[in-house]
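Source file: work-v9.cif (mmCIF, C-alpha atoms)
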data_final
#
loop_
_atom_site.group_PDB
_atom_site.id
_atom_site.type_symbol
_atom_site.label_atom_id
_atom_site.label_comp_id
_atom_site.auth_asym_id
_atom_site.auth_seq_id
_atom_site.Cartn_x
_atom_site.Cartn_y
_atom_site.Cartn_z
ATOM 1 C CA MET A 1 46.503 -29.725 2.704
ATOM 2 C CA PHE A 2 46.968 -26.333 4.375
ATOM 3 C CA TYR A 3 47.603 -28.068 7.719
ATOM 4 C CA ARG A 4 50.437 -30.133 6.208
ATOM 5 C CA PHE A 5 51.938 -27.028 4.577
ATOM 6 C CA VAL A 6 51.914 -25.112 7.888
ATOM 7 C CA LYS A 7 53.365 -28.146 9.668
ATOM 8 C CA LEU A 8 56.228 -28.348 7.139
ATOM 9 C CA ILE A 9 56.989 -24.608 7.412
ATOM 10 C CA PHE A 10 56.994 -24.704 11.209
ATOM 11 C CA THR A 11 58.983 -27.929 11.352
ATOM 12 C CA ILE A 12 61.701 -26.060 9.465
ATOM 13 C CA TYR A 13 61.227 -22.964 11.644
ATOM 14 C CA PHE A 14 61.589 -24.937 14.890
ATOM 15 C CA ARG A 15 64.647 -26.825 13.582
ATOM 16 C CA VAL A 16 66.397 -23.622 12.522
ATOM 17 C CA PHE A 17 65.458 -21.247 15.356
ATOM 18 C CA HIS A 18 64.887 -23.484 18.387
ATOM 19 C CA ARG A 19 66.190 -26.621 20.005
ATOM 20 C CA VAL A 20 63.055 -28.734 20.341
ATOM 21 C CA TYR A 21 63.257 -31.941 22.345
ATOM 22 C CA ALA A 22 60.129 -34.054 22.104
ATOM 23 C CA LYS A 23 59.765 -37.370 23.847
ATOM 24 C CA GLY A 24 56.887 -39.791 24.213
ATOM 25 C CA GLY A 25 55.492 -39.516 20.667
ATOM 26 C CA GLU A 26 54.754 -43.234 20.793
ATOM 27 C CA ASN A 27 52.119 -42.466 23.469
ATOM 28 C CA VAL A 28 49.807 -40.947 20.846
ATOM 29 C CA PRO A 29 47.810 -43.823 19.318
ATOM 30 C CA ASP A 30 47.899 -44.091 15.518
ATOM 31 C CA SER A 31 44.113 -44.023 15.194
ATOM 32 C CA GLY A 32 40.899 -43.418 17.084
ATOM 33 C CA GLY A 33 39.350 -40.513 18.919
ATOM 34 C CA LEU A 34 41.611 -38.953 21.505
ATOM 35 C CA ILE A 35 42.025 -35.847 23.620
ATOM 36 C CA ILE A 36 45.401 -34.184 24.037
ATOM 37 C CA CYS A 37 45.681 -31.831 27.021
ATOM 38 C CA ALA A 38 48.699 -29.554 27.398
ATOM 39 C CA ASN A 39 49.731 -26.569 29.445
ATOM 40 C CA HIS A 40 49.735 -23.280 27.534
ATOM 41 C CA ILE A 41 52.767 -20.958 27.579
ATOM 42 C CA HIS A 42 52.824 -19.326 24.114
ATOM 43 C CA TRP A 43 50.535 -18.637 21.158
ATOM 44 C CA LEU A 44 52.658 -21.078 19.095
ATOM 45 C CA ASP A 45 51.838 -24.030 21.386
ATOM 46 C CA PRO A 46 49.166 -25.529 19.071
ATOM 47 C CA ILE A 47 51.576 -25.447 16.141
ATOM 48 C CA LEU A 48 54.422 -26.886 18.235
ATOM 49 C CA LEU A 49 52.174 -29.789 19.286
ATOM 50 C CA GLY A 50 51.194 -30.328 15.637
ATOM 51 C CA VAL A 51 54.869 -30.514 14.694
ATOM 52 C CA CYS A 52 55.633 -32.985 17.502
ATOM 53 C CA THR A 53 52.811 -35.446 16.732
ATOM 54 C CA LYS A 54 52.154 -37.593 13.656
ATOM 55 C CA ARG A 55 48.395 -37.075 13.550
ATOM 56 C CA GLN A 56 46.506 -33.856 12.914
ATOM 57 C CA ILE A 57 45.103 -32.093 15.962
ATOM 58 C CA HIS A 58 41.938 -29.985 16.128
ATOM 59 C CA PHE A 59 42.054 -27.124 18.629
ATOM 60 C CA MET A 60 39.557 -24.826 20.261
ATOM 61 C CA ALA A 61 40.594 -21.238 19.639
ATOM 62 C CA LYS A 62 39.194 -18.134 21.267
ATOM 63 C CA ALA A 63 36.296 -16.709 19.272
ATOM 64 C CA GLU A 64 38.042 -13.336 18.966
ATOM 65 C CA LEU A 65 40.515 -14.891 16.520
ATOM 66 C CA PHE A 66 37.671 -15.464 14.057
ATOM 67 C CA LYS A 67 36.558 -11.812 13.810
ATOM 68 C CA ASN A 68 39.070 -11.039 11.063
ATOM 69 C CA LYS A 69 38.071 -13.072 7.980
ATOM 70 C CA PHE A 70 41.640 -13.574 6.773
ATOM 71 C CA PHE A 71 42.899 -14.715 10.173
ATOM 72 C CA ALA A 72 39.807 -16.897 10.621
ATOM 73 C CA LEU A 73 40.673 -18.640 7.355
ATOM 74 C CA ILE A 74 44.178 -19.411 8.627
ATOM 75 C CA VAL A 75 42.989 -20.649 12.047
ATOM 76 C CA ARG A 76 40.400 -22.892 10.398
ATOM 77 C CA GLY A 77 43.102 -24.127 7.989
ATOM 78 C CA ILE A 78 45.127 -25.426 10.914
ATOM 79 C CA ASN A 79 42.039 -27.159 12.371
ATOM 80 C CA GLY A 80 40.986 -24.461 14.819
ATOM 81 C CA PHE A 81 37.358 -23.855 15.711
ATOM 82 C CA PRO A 82 35.881 -21.078 17.855
ATOM 83 C CA VAL A 83 35.037 -21.237 21.531
ATOM 84 C CA LYS A 84 33.498 -18.385 23.508
ATOM 85 C CA ARG A 85 35.625 -18.152 26.600
ATOM 86 C CA GLY A 86 34.041 -17.478 29.954
ATOM 87 C CA THR A 87 30.795 -19.225 29.011
ATOM 88 C CA ALA A 88 29.515 -22.751 28.668
ATOM 89 C CA ASP A 89 29.859 -22.759 24.879
ATOM 90 C CA ILE A 90 27.553 -25.631 23.911
ATOM 91 C CA SER A 91 28.416 -25.273 20.220
ATOM 92 C CA ALA A 92 32.161 -25.726 20.920
ATOM 93 C CA ILE A 93 31.441 -28.714 23.159
ATOM 94 C CA LYS A 94 29.291 -30.339 20.462
ATOM 95 C CA THR A 95 31.980 -29.700 17.836
ATOM 96 C CA SER A 96 34.587 -31.242 20.156
ATOM 97 C CA LEU A 97 32.526 -34.367 20.768
ATOM 98 C CA ARG A 98 31.720 -34.742 17.065
ATOM 99 C CA LEU A 99 35.425 -34.556 16.138
ATOM 100 C CA ILE A 100 36.381 -37.120 18.767
ATOM 101 C CA LYS A 101 33.546 -39.461 17.780
ATOM 102 C CA SER A 102 34.753 -39.328 14.160
ATOM 103 C CA GLY A 103 38.177 -40.618 15.278
ATOM 104 C CA LYS A 104 40.060 -37.325 15.366
ATOM 105 C CA ILE A 105 42.294 -35.774 18.009
ATOM 106 C CA LEU A 106 41.013 -32.832 20.023
ATOM 107 C CA GLY A 107 43.676 -30.629 21.557
ATOM 108 C CA ILE A 108 42.710 -28.674 24.664
ATOM 109 C CA PHE A 109 44.616 -26.298 26.893
ATOM 110 C CA PRO A 110 42.817 -26.932 30.201
ATOM 111 C CA GLU A 111 43.922 -23.573 31.616
ATOM 112 C CA GLY A 112 41.823 -21.825 28.967
ATOM 113 C CA THR A 113 44.482 -19.173 28.338
ATOM 114 C CA ARG A 114 48.242 -18.759 28.243
ATOM 115 C CA SER A 115 50.204 -18.541 31.452
ATOM 116 C CA ARG A 116 52.161 -15.275 31.420
ATOM 117 C CA ASN A 117 54.693 -16.371 34.046
ATOM 118 C CA GLY A 118 55.201 -20.037 33.088
ATOM 119 C CA LYS A 119 53.332 -21.337 36.150
ATOM 120 C CA MET A 120 50.347 -23.537 35.438
ATOM 121 C CA LEU A 121 46.945 -21.978 35.964
ATOM 122 C CA PRO A 122 43.941 -23.794 37.447
ATOM 123 C CA PRO A 123 42.019 -25.813 34.844
ATOM 124 C CA LEU A 124 38.550 -24.927 33.642
ATOM 125 C CA PRO A 125 35.791 -27.461 34.431
ATOM 126 C CA GLY A 126 34.684 -27.698 30.767
ATOM 127 C CA VAL A 127 37.715 -29.879 30.076
ATOM 128 C CA GLY A 128 36.479 -32.493 32.539
ATOM 129 C CA LEU A 129 33.027 -32.391 30.971
ATOM 130 C CA ILE A 130 34.377 -33.049 27.463
ATOM 131 C CA VAL A 131 36.613 -35.853 28.746
ATOM 132 C CA ILE A 132 33.709 -37.575 30.510
ATOM 133 C CA LYS A 133 31.245 -37.132 27.638
ATOM 134 C CA SER A 134 33.733 -38.292 24.978
ATOM 135 C CA LYS A 135 34.669 -41.535 26.784
ATOM 136 C CA VAL A 136 38.132 -41.539 25.179
ATOM 137 C CA PRO A 137 41.629 -41.497 26.718
ATOM 138 C CA VAL A 138 43.491 -38.281 27.462
ATOM 139 C CA VAL A 139 47.162 -37.830 26.588
ATOM 140 C CA PRO A 140 48.774 -35.282 28.935
ATOM 141 C CA ILE A 141 51.535 -33.133 27.451
ATOM 142 C CA LYS A 142 53.879 -30.717 29.156
ATOM 143 C CA ILE A 143 55.491 -27.872 27.230
ATOM 144 C CA SER A 144 58.438 -26.222 28.930
ATOM 145 C CA GLY A 145 61.268 -23.963 27.948
ATOM 146 C CA ASN A 146 61.524 -20.693 26.143
ATOM 147 C CA TYR A 147 60.291 -19.614 22.716
ATOM 148 C CA GLY A 148 63.142 -17.132 22.388
ATOM 149 C CA ILE A 149 65.353 -17.562 19.325
ATOM 150 C CA PHE A 150 67.869 -20.401 19.723
ATOM 151 C CA ARG A 151 66.339 -21.367 23.067
ATOM 152 C CA THR A 152 65.294 -24.841 24.148
ATOM 153 C CA LEU A 153 61.715 -26.121 24.090
ATOM 154 C CA ARG A 154 60.736 -29.449 25.609
ATOM 155 C CA VAL A 155 57.575 -31.358 24.767
ATOM 156 C CA THR A 156 56.933 -34.331 27.045
ATOM 157 C CA ILE A 157 54.073 -36.575 25.932
ATOM 158 C CA GLY A 158 52.669 -38.761 28.687
ATOM 159 C CA LYS A 159 50.897 -42.104 28.478
ATOM 160 C CA PRO A 160 47.143 -42.094 27.729
ATOM 161 C CA VAL A 161 44.923 -41.882 30.795
ATOM 162 C CA SER A 162 41.337 -43.119 31.014
ATOM 163 C CA PHE A 163 38.691 -41.759 33.348
ATOM 164 C CA ASP A 164 36.395 -44.785 33.148
ATOM 165 C CA GLU A 165 35.388 -44.514 36.798
ATOM 166 C CA TYR A 166 33.489 -41.291 35.963
ATOM 167 C CA ILE A 167 31.742 -42.530 32.816
ATOM 168 C CA GLY A 168 28.080 -43.521 33.004
ATOM 169 C CA ARG A 169 27.523 -41.801 36.333
ATOM 170 C CA LYS A 170 25.575 -38.648 37.104
ATOM 171 C CA LEU A 171 28.317 -36.308 38.259
ATOM 172 C CA ASN A 172 28.141 -33.087 40.205
ATOM 173 C CA SER A 173 30.237 -30.045 39.286
ATOM 174 C CA SER A 174 32.813 -30.915 41.935
ATOM 175 C CA GLU A 175 33.472 -34.330 40.367
ATOM 176 C CA VAL A 176 33.751 -32.785 36.882
ATOM 177 C CA SER A 177 36.290 -30.317 38.284
ATOM 178 C CA GLU A 178 38.179 -33.256 39.839
ATOM 179 C CA VAL A 179 38.720 -34.685 36.355
ATOM 180 C CA SER A 180 40.051 -31.343 35.088
ATOM 181 C CA MET A 181 42.348 -31.042 38.109
ATOM 182 C CA SER A 182 43.591 -34.618 37.711
ATOM 183 C CA ILE A 183 44.566 -33.860 34.114
ATOM 184 C CA MET A 184 46.518 -30.749 35.161
ATOM 185 C CA ASP A 185 48.236 -32.760 37.910
ATOM 186 C CA ARG A 186 49.342 -35.331 35.338
ATOM 187 C CA ILE A 187 50.676 -32.564 33.073
ATOM 188 C CA SER A 188 52.603 -30.949 35.924
ATOM 189 C CA ILE A 189 54.430 -34.151 36.912
ATOM 190 C CA LEU A 190 55.715 -34.875 33.394
#
What does the file become when written as structure tokens?
Amino acid sequence: MFYRFVKLIFTIYFRVFHRVYAKGGENVPDSGGLIICANHIHWLDPILLGVCTKRQIHFMAKAELFKNKFFALIVRGINGFPVKRGTADISAIKTSLRLIKSGKILGIFPEGTRSRNGKMLPPLPGVGLIVIKSKVPVVPIKISGNYGIFRTLRVTIGKPVSFDEYIGRKLNSSEVSEVSMSIMDRISIL
């Protein structure tokens, strides 16, 4: 309920204060577990992606956002759950896999943090691990533009990509990183 309310408010906000061009919405399947991976340029990116897709998205959010009880309530209301950055947060990985297995969409920003200059940062290897363990397709999304008032934002949603060749194999850390890097490459070419 809260998610839909926030989506409505921000749909109005983006229509009034920004020119948002979204294309490729048909690339997000109507049902089933899925991972959405996008570059990260602004703190509003998760909400923008929620506005541009039909289905609800669940996002990892840095654990620091959950220290304030009021703010934690809001982040949880828009389907955020905590992840401890800079560590192998097993709890966040388990939550991610459980959400995907239950048919939900997990949204991940492979860079792990916002890019301050608009250039894509190297991906974290944890993204590749979740992709391999989940065994579901990944939809790459590129966000570009400027969040300034009356500026243009573009959301380009790519076709789902499967990483079946990695599933069921014992992988080393280099191969897991390859998956993460492949996802970022697909985002960059959109």
- Task: Have a look at CA of Ser134 (chain A) and CA of Lys94 (chain A) and let me know their distance in Å, one decimal.
- Result: 10.2 Å
Can you check which parts of region 68-119 of chain A lie within 12 Å of region 43-51 of chain A? Per residue, the shortest pair of atoms and distance in Å to one decimal, counting only C-alpha atoms, sorted by chain and number, as a tab-separated table.
residue	atom	partner	partner_atom	distance
A:Val75	CA	A:Pro46	CA	10.6
A:Gly77	CA	A:Ile47	CA	11.8
A:Ile78	CA	A:Ile47	CA	8.3
A:Asn79	CA	A:Pro46	CA	9.9
A:Gly80	CA	A:Pro46	CA	9.3
A:Ile105	CA	A:Gly50	CA	10.7
A:Leu106	CA	A:Pro46	CA	11.0
A:Gly107	CA	A:Pro46	CA	7.9
A:Ile108	CA	A:Pro46	CA	9.1
A:Phe109	CA	A:Pro46	CA	9.1
A:Thr113	CA	A:Trp43	CA	9.4
A:Arg114	CA	A:Trp43	CA	7.4
A:Ser115	CA	A:Trp43	CA	10.3
A:Arg116	CA	A:Trp43	CA	10.9
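Closest approach to Val176 (chain A) from the set A:Ala72, A:Ile130, A:Ile90, A:Ala22 is made by A:Ile130, with distances taken over all atoms listed in the file.
Minimum atom-to-atom distances from A:Val161, A:Ala61, A:Leu73, A:Cys52 to Glu26 (chain A) were compared using all atoms listed in the file, and the lowest value belongs to A:Cys52.
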- Write out as number ranges by chain the residues lying within 7 Å of Pro137 (chain A), counting all atoms listed in the file and excluding same-chain residues fewer than 3 positions away. A: 34-35, 160-162
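Using only C-alpha atoms, the residues found no farther than 12 Å from Lys170 (chain A), other than those of its own chain fewer than 5 positions away, are A:Leu129, A:Ile132, A:Lys133, A:Glu165, A:Glu175, A:Val176.
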- Query: Restricting the calculation to all atoms listed in the file, which member of A:Ser174, A:Thr152, A:Asn39, A:Asn27 is positioned closest to Phe14 (chain A)?
  - Reply: A:Thr152
- Query: Hey, what's within 12 Å of Asp89 (chain A) if we count all atoms listed in the file and toss same-chain stuff fewer than 4 positions away? As number ranges by chain, please?
  - Reply: A: 60, 62-63, 81-85, 93-96, 126-127, 129-130
- Query: In Å, with one decimal, what is the gap from CA of Arg15 (chain A) to CA of Ile143 (chain A)?
  - Reply: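 So the two atoms, CA of Arg15 (chain A) and CA of Ile143 (chain A), lie 16.5 Å apart.
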Could you please fill out region 107-118 of chain A with all heavy atoms and send it back as a tab-separated table (two decimals), keeping the file's coordinate frame?
chain	number	residue	atom	x	y	z
A	107	GLY	N	42.67	-31.21	20.69
A	107	GLY	CA	43.68	-30.63	21.56
A	107	GLY	C	43.04	-29.56	22.42
A	107	GLY	O	42.32	-28.70	21.92
A	108	ILE	N	43.27	-29.64	23.73
A	108	ILE	CA	42.71	-28.67	24.66
A	108	ILE	C	43.82	-28.17	25.58
A	108	ILE	O	44.68	-28.94	26.02
A	108	ILE	CB	41.61	-29.31	25.55
A	108	ILE	CG1	40.49	-29.91	24.71
A	108	ILE	CG2	41.06	-28.29	26.53
A	108	ILE	CD1	39.42	-30.61	25.54
A	109	PHE	N	43.77	-26.88	25.87
A	109	PHE	CA	44.62	-26.30	26.89
A	109	PHE	C	43.71	-26.08	28.10
A	109	PHE	O	42.93	-25.12	28.13
A	109	PHE	CB	45.25	-24.99	26.41
A	109	PHE	CG	46.15	-25.19	25.22
A	109	PHE	CD1	45.75	-24.82	23.95
A	109	PHE	CD2	47.40	-25.77	25.38
A	109	PHE	CE1	46.57	-25.03	22.86
A	109	PHE	CE2	48.24	-25.98	24.29
A	109	PHE	CZ	47.82	-25.60	23.02
A	110	PRO	N	43.76	-26.98	29.09
A	110	PRO	CA	42.82	-26.93	30.20
A	110	PRO	C	42.78	-25.61	30.96
A	110	PRO	O	41.76	-25.26	31.54
A	110	PRO	CB	43.29	-28.06	31.13
A	110	PRO	CG	44.01	-29.00	30.23
A	110	PRO	CD	44.66	-28.13	29.19
A	111	GLU	N	43.88	-24.86	30.91
A	111	GLU	CA	43.92	-23.57	31.62
A	111	GLU	C	43.01	-22.54	30.96
A	111	GLU	O	42.64	-21.56	31.58
A	111	GLU	CB	45.35	-23.05	31.66
A	111	GLU	CG	46.30	-23.98	32.40
A	111	GLU	CD	47.73	-23.84	31.94
A	111	GLU	OE1	48.02	-24.14	30.77
A	111	GLU	OE2	48.56	-23.42	32.78
A	112	GLY	N	42.71	-22.75	29.67
A	112	GLY	CA	41.82	-21.82	28.97
A	112	GLY	C	42.50	-20.59	28.41
A	112	GLY	O	41.94	-19.87	27.60
A	113	THR	N	43.72	-20.32	28.83
A	113	THR	CA	44.48	-19.17	28.34
A	113	THR	C	45.96	-19.43	28.60
A	113	THR	O	46.31	-20.38	29.32
A	113	THR	CB	44.02	-17.86	29.02
A	113	THR	OG1	44.62	-16.75	28.37
A	113	THR	CG2	44.39	-17.85	30.50
A	114	ARG	N	46.80	-18.60	28.03
A	114	ARG	CA	48.24	-18.76	28.24
A	114	ARG	C	48.64	-18.29	29.63
A	114	ARG	O	48.12	-17.30	30.13
A	114	ARG	CB	49.02	-17.93	27.22
A	114	ARG	CG	48.98	-18.49	25.84
A	114	ARG	CD	49.68	-17.57	24.90
A	114	ARG	NE	48.90	-16.34	24.83
A	114	ARG	CZ	49.20	-15.31	24.08
A	114	ARG	NH1	50.27	-15.32	23.35
A	114	ARG	NH2	48.44	-14.24	24.07
A	115	SER	N	49.62	-18.98	30.20
A	115	SER	CA	50.20	-18.54	31.45
A	115	SER	C	51.28	-17.51	31.11
A	115	SER	O	52.16	-17.78	30.30
A	115	SER	CB	50.83	-19.73	32.18
A	115	SER	OG	51.61	-19.28	33.26
A	116	ARG	N	51.20	-16.35	31.71
A	116	ARG	CA	52.16	-15.28	31.42
A	116	ARG	C	53.49	-15.45	32.15
A	116	ARG	O	54.50	-14.90	31.75
A	116	ARG	CB	51.56	-13.92	31.79
A	116	ARG	CG	50.29	-13.59	31.05
A	116	ARG	CD	50.56	-13.34	29.61
A	116	ARG	NE	49.30	-13.05	28.92
A	116	ARG	CZ	49.17	-12.93	27.65
A	116	ARG	NH1	50.24	-13.07	26.87
A	116	ARG	NH2	48.02	-12.70	27.09
A	117	ASN	N	53.47	-16.23	33.25
A	117	ASN	CA	54.69	-16.37	34.05
A	117	ASN	C	55.27	-17.79	34.02
A	117	ASN	O	56.21	-18.08	34.75
A	117	ASN	CB	54.43	-15.94	35.49
A	117	ASN	CG	53.38	-16.77	36.17
A	117	ASN	OD1	52.94	-17.80	35.65
A	117	ASN	ND2	52.95	-16.32	37.35
A	118	GLY	N	54.69	-18.68	33.19
A	118	GLY	CA	55.20	-20.04	33.09
A	118	GLY	C	54.64	-21.00	34.13
A	118	GLY	O	54.82	-22.20	34.01
